[in-house]
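The structure appears below as structure tokens.
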Amino acid sequence: EDGIRDVAVTGVQTCALPIFGTALLLCTVVGVGVTIGTVESTSPTELLIAVAAIVTVGSVIWQVTNYFVPTQLNPLITLALVARGRIEPTAGSEHIAAQVSGGLLGVVVGNTVFGLEMFSPATQTLITPSRYIGEFLVSAGLVTISLLVESRRFKRWGILAPLWLAFGCALTSSPAFGNPAITVANSLSHTLTSDPSTAIAGLLSSQLLGGILAFSLVWLFKFRKEN
């Protein structure tokens, strides 16, 4: 099999796994944020523990669900593979809708399970420029790795995706992991790992710019030669 499997399926399989995987990931994000502490008692050690816990669980979810339907957890990767022509636009839009829906469902369930209000909007006001830079870097690296591992030559490098998330998110303090679905959904949970709704536009822009840069560089040095 040459590269990542083409996602031509629609219907139940296309929607169910993205919803389930993203919902489970967001439940984990909320749970870790509540367990480690609130936004008023943040320390570097607590944030590092939160990142490590989320990345560990997220990596397991990613490895298991990605076996059946690739790209189901991150809209940036879905968009990149649509642009690459590996996913039909219709299937891609279904994936993204399922990812966002799963994220919202996961936050609501997580808030309820861990004793918060069903909708507990984040109220943090301090978002530093480094936060946006971190999302840009994490997104660029994640999309680059995802595009490279679709080829036979780099296929066995799939483990680099969760490793990059662990490395990049720890260094940049990015609880959204370069994932727009997490950014949007987690603004409805007031925990250590949340971002306020006022920062969503800036964070999504940073993630999208990182994805565009990654796609451009990979196309310039790899796809263009293949074409």
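Each chain in the structure tokens gets a letter, A, B, ..., in the order shown, and its residues are numbered from 1; ligands are numbered from 1 in order too.
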>> I want to know what sits within 10 Å of range 181-186 of chain A, based on only C-alpha atoms, with residues of the same chain fewer than 2 positions away left out; could you give that as a PyMOL selection string?
In response: chain A and resi 22-23+25-27+29-30+73-76+96-108+120-122+175-179+188-191+193-197+199-201+203-204+207
Write the residues you've just listed into a file as a PDB file, in the first residue's frame, and include C-alpha atoms for each of them.
```pdb
ATOM      1  CA  THR A  22     -12.266  13.708  19.504  1.00  0.00           C
ATOM      2  CA  ALA A  23     -14.874  13.449  22.270  1.00  0.00           C
ATOM      3  CA  LEU A  25      -9.673  13.325  23.728  1.00  0.00           C
ATOM      4  CA  LEU A  26     -11.579  16.388  24.994  1.00  0.00           C
ATOM      5  CA  CYS A  27     -12.866  14.450  28.017  1.00  0.00           C
ATOM      6  CA  VAL A  29      -8.250  17.366  28.361  1.00  0.00           C
ATOM      7  CA  VAL A  30     -10.999  18.524  30.725  1.00  0.00           C
ATOM      8  CA  LEU A  73      -8.826  13.997  15.049  1.00  0.00           C
ATOM      9  CA  ASN A  74      -7.416  17.209  13.570  1.00  0.00           C
ATOM     10  CA  PRO A  75      -9.082  19.561  11.043  1.00  0.00           C
ATOM     11  CA  LEU A  76      -5.682  20.899   9.949  1.00  0.00           C
ATOM     12  CA  ILE A  96     -14.221  18.416  10.134  1.00  0.00           C
ATOM     13  CA  ALA A  97     -17.871  18.680  11.179  1.00  0.00           C
ATOM     14  CA  ALA A  98     -17.506  15.415  13.116  1.00  0.00           C
ATOM     15  CA  GLN A  99     -14.268  16.569  14.754  1.00  0.00           C
ATOM     16  CA  VAL A 100     -15.783  19.821  16.011  1.00  0.00           C
ATOM     17  CA  SER A 101     -19.005  18.094  17.085  1.00  0.00           C
ATOM     18  CA  GLY A 102     -17.034  15.416  18.921  1.00  0.00           C
ATOM     19  CA  GLY A 103     -14.966  18.070  20.654  1.00  0.00           C
ATOM     20  CA  LEU A 104     -18.047  19.934  21.866  1.00  0.00           C
ATOM     21  CA  LEU A 105     -19.647  16.683  23.022  1.00  0.00           C
ATOM     22  CA  GLY A 106     -16.467  15.686  24.854  1.00  0.00           C
ATOM     23  CA  VAL A 107     -16.252  18.997  26.701  1.00  0.00           C
ATOM     24  CA  VAL A 108     -19.888  18.851  27.792  1.00  0.00           C
ATOM     25  CA  SER A 120     -18.292  26.574  31.869  1.00  0.00           C
ATOM     26  CA  PRO A 121     -16.692  29.165  29.571  1.00  0.00           C
ATOM     27  CA  ALA A 122     -13.042  29.891  30.230  1.00  0.00           C
ATOM     28  CA  PRO A 175      -2.733  22.719  25.529  1.00  0.00           C
ATOM     29  CA  ALA A 176      -4.532  22.808  22.153  1.00  0.00           C
ATOM     30  CA  PHE A 177      -1.882  20.681  20.395  1.00  0.00           C
ATOM     31  CA  GLY A 178      -2.256  22.526  17.109  1.00  0.00           C
ATOM     32  CA  ASN A 179      -5.826  21.267  16.865  1.00  0.00           C
ATOM     33  CA  LEU A 188     -16.315  25.994  27.085  1.00  0.00           C
ATOM     34  CA  SER A 189     -14.419  24.515  30.031  1.00  0.00           C
ATOM     35  CA  HIS A 190     -12.825  26.646  32.757  1.00  0.00           C
ATOM     36  CA  THR A 191      -9.749  24.579  33.629  1.00  0.00           C
ATOM     37  CA  THR A 193      -5.915  23.574  29.897  1.00  0.00           C
ATOM     38  CA  SER A 194      -8.550  25.989  28.558  1.00  0.00           C
ATOM     39  CA  ASP A 195      -8.343  29.120  26.444  1.00  0.00           C
ATOM     40  CA  PRO A 196     -10.923  31.936  26.568  1.00  0.00           C
ATOM     41  CA  SER A 197     -13.276  32.515  23.670  1.00  0.00           C
ATOM     42  CA  ALA A 199      -8.466  34.160  22.025  1.00  0.00           C
ATOM     43  CA  ILE A 200     -10.075  31.680  19.628  1.00  0.00           C
ATOM     44  CA  ALA A 201      -9.727  33.826  16.500  1.00  0.00           C
ATOM     45  CA  LEU A 203      -5.285  30.827  17.987  1.00  0.00           C
ATOM     46  CA  LEU A 204      -7.133  29.473  14.953  1.00  0.00           C
ATOM     47  CA  GLN A 207      -2.820  27.186  13.621  1.00  0.00           C
TER      48      GLN A 207
END
```
Give me, as a tab-separated table, each residue of range 57-138 of chain A that comes within 8 Å of range 209-216 of chain A, together with its shortest interatomic pair and the distance in Å at one decimal, counting only C-alpha atoms, with rows ordered by chain and rising residue number.
```
residue	atom	partner	partner_atom	distance
A:Leu76	CA	A:Gly211	CA	6.4
A:Ala80	CA	A:Phe215	CA	6.7
A:Glu135	CA	A:Gly210	CA	7.8
A:Phe136	CA	A:Gly210	CA	4.6
A:Leu137	CA	A:Gly210	CA	6.3
A:Val138	CA	A:Gly210	CA	7.7
```
> CA of Ile145 in chain A to CA of Leu160 in chain A: how many Å, to one decimal?
Replying inline: 7.0 Å
> For Gly141 in chain A, which of A:Pro162, A:Gly31, A:Pro89, A:Gly110 is the closest residue, counting only C-alpha atoms?
Replying inline: A:Pro162
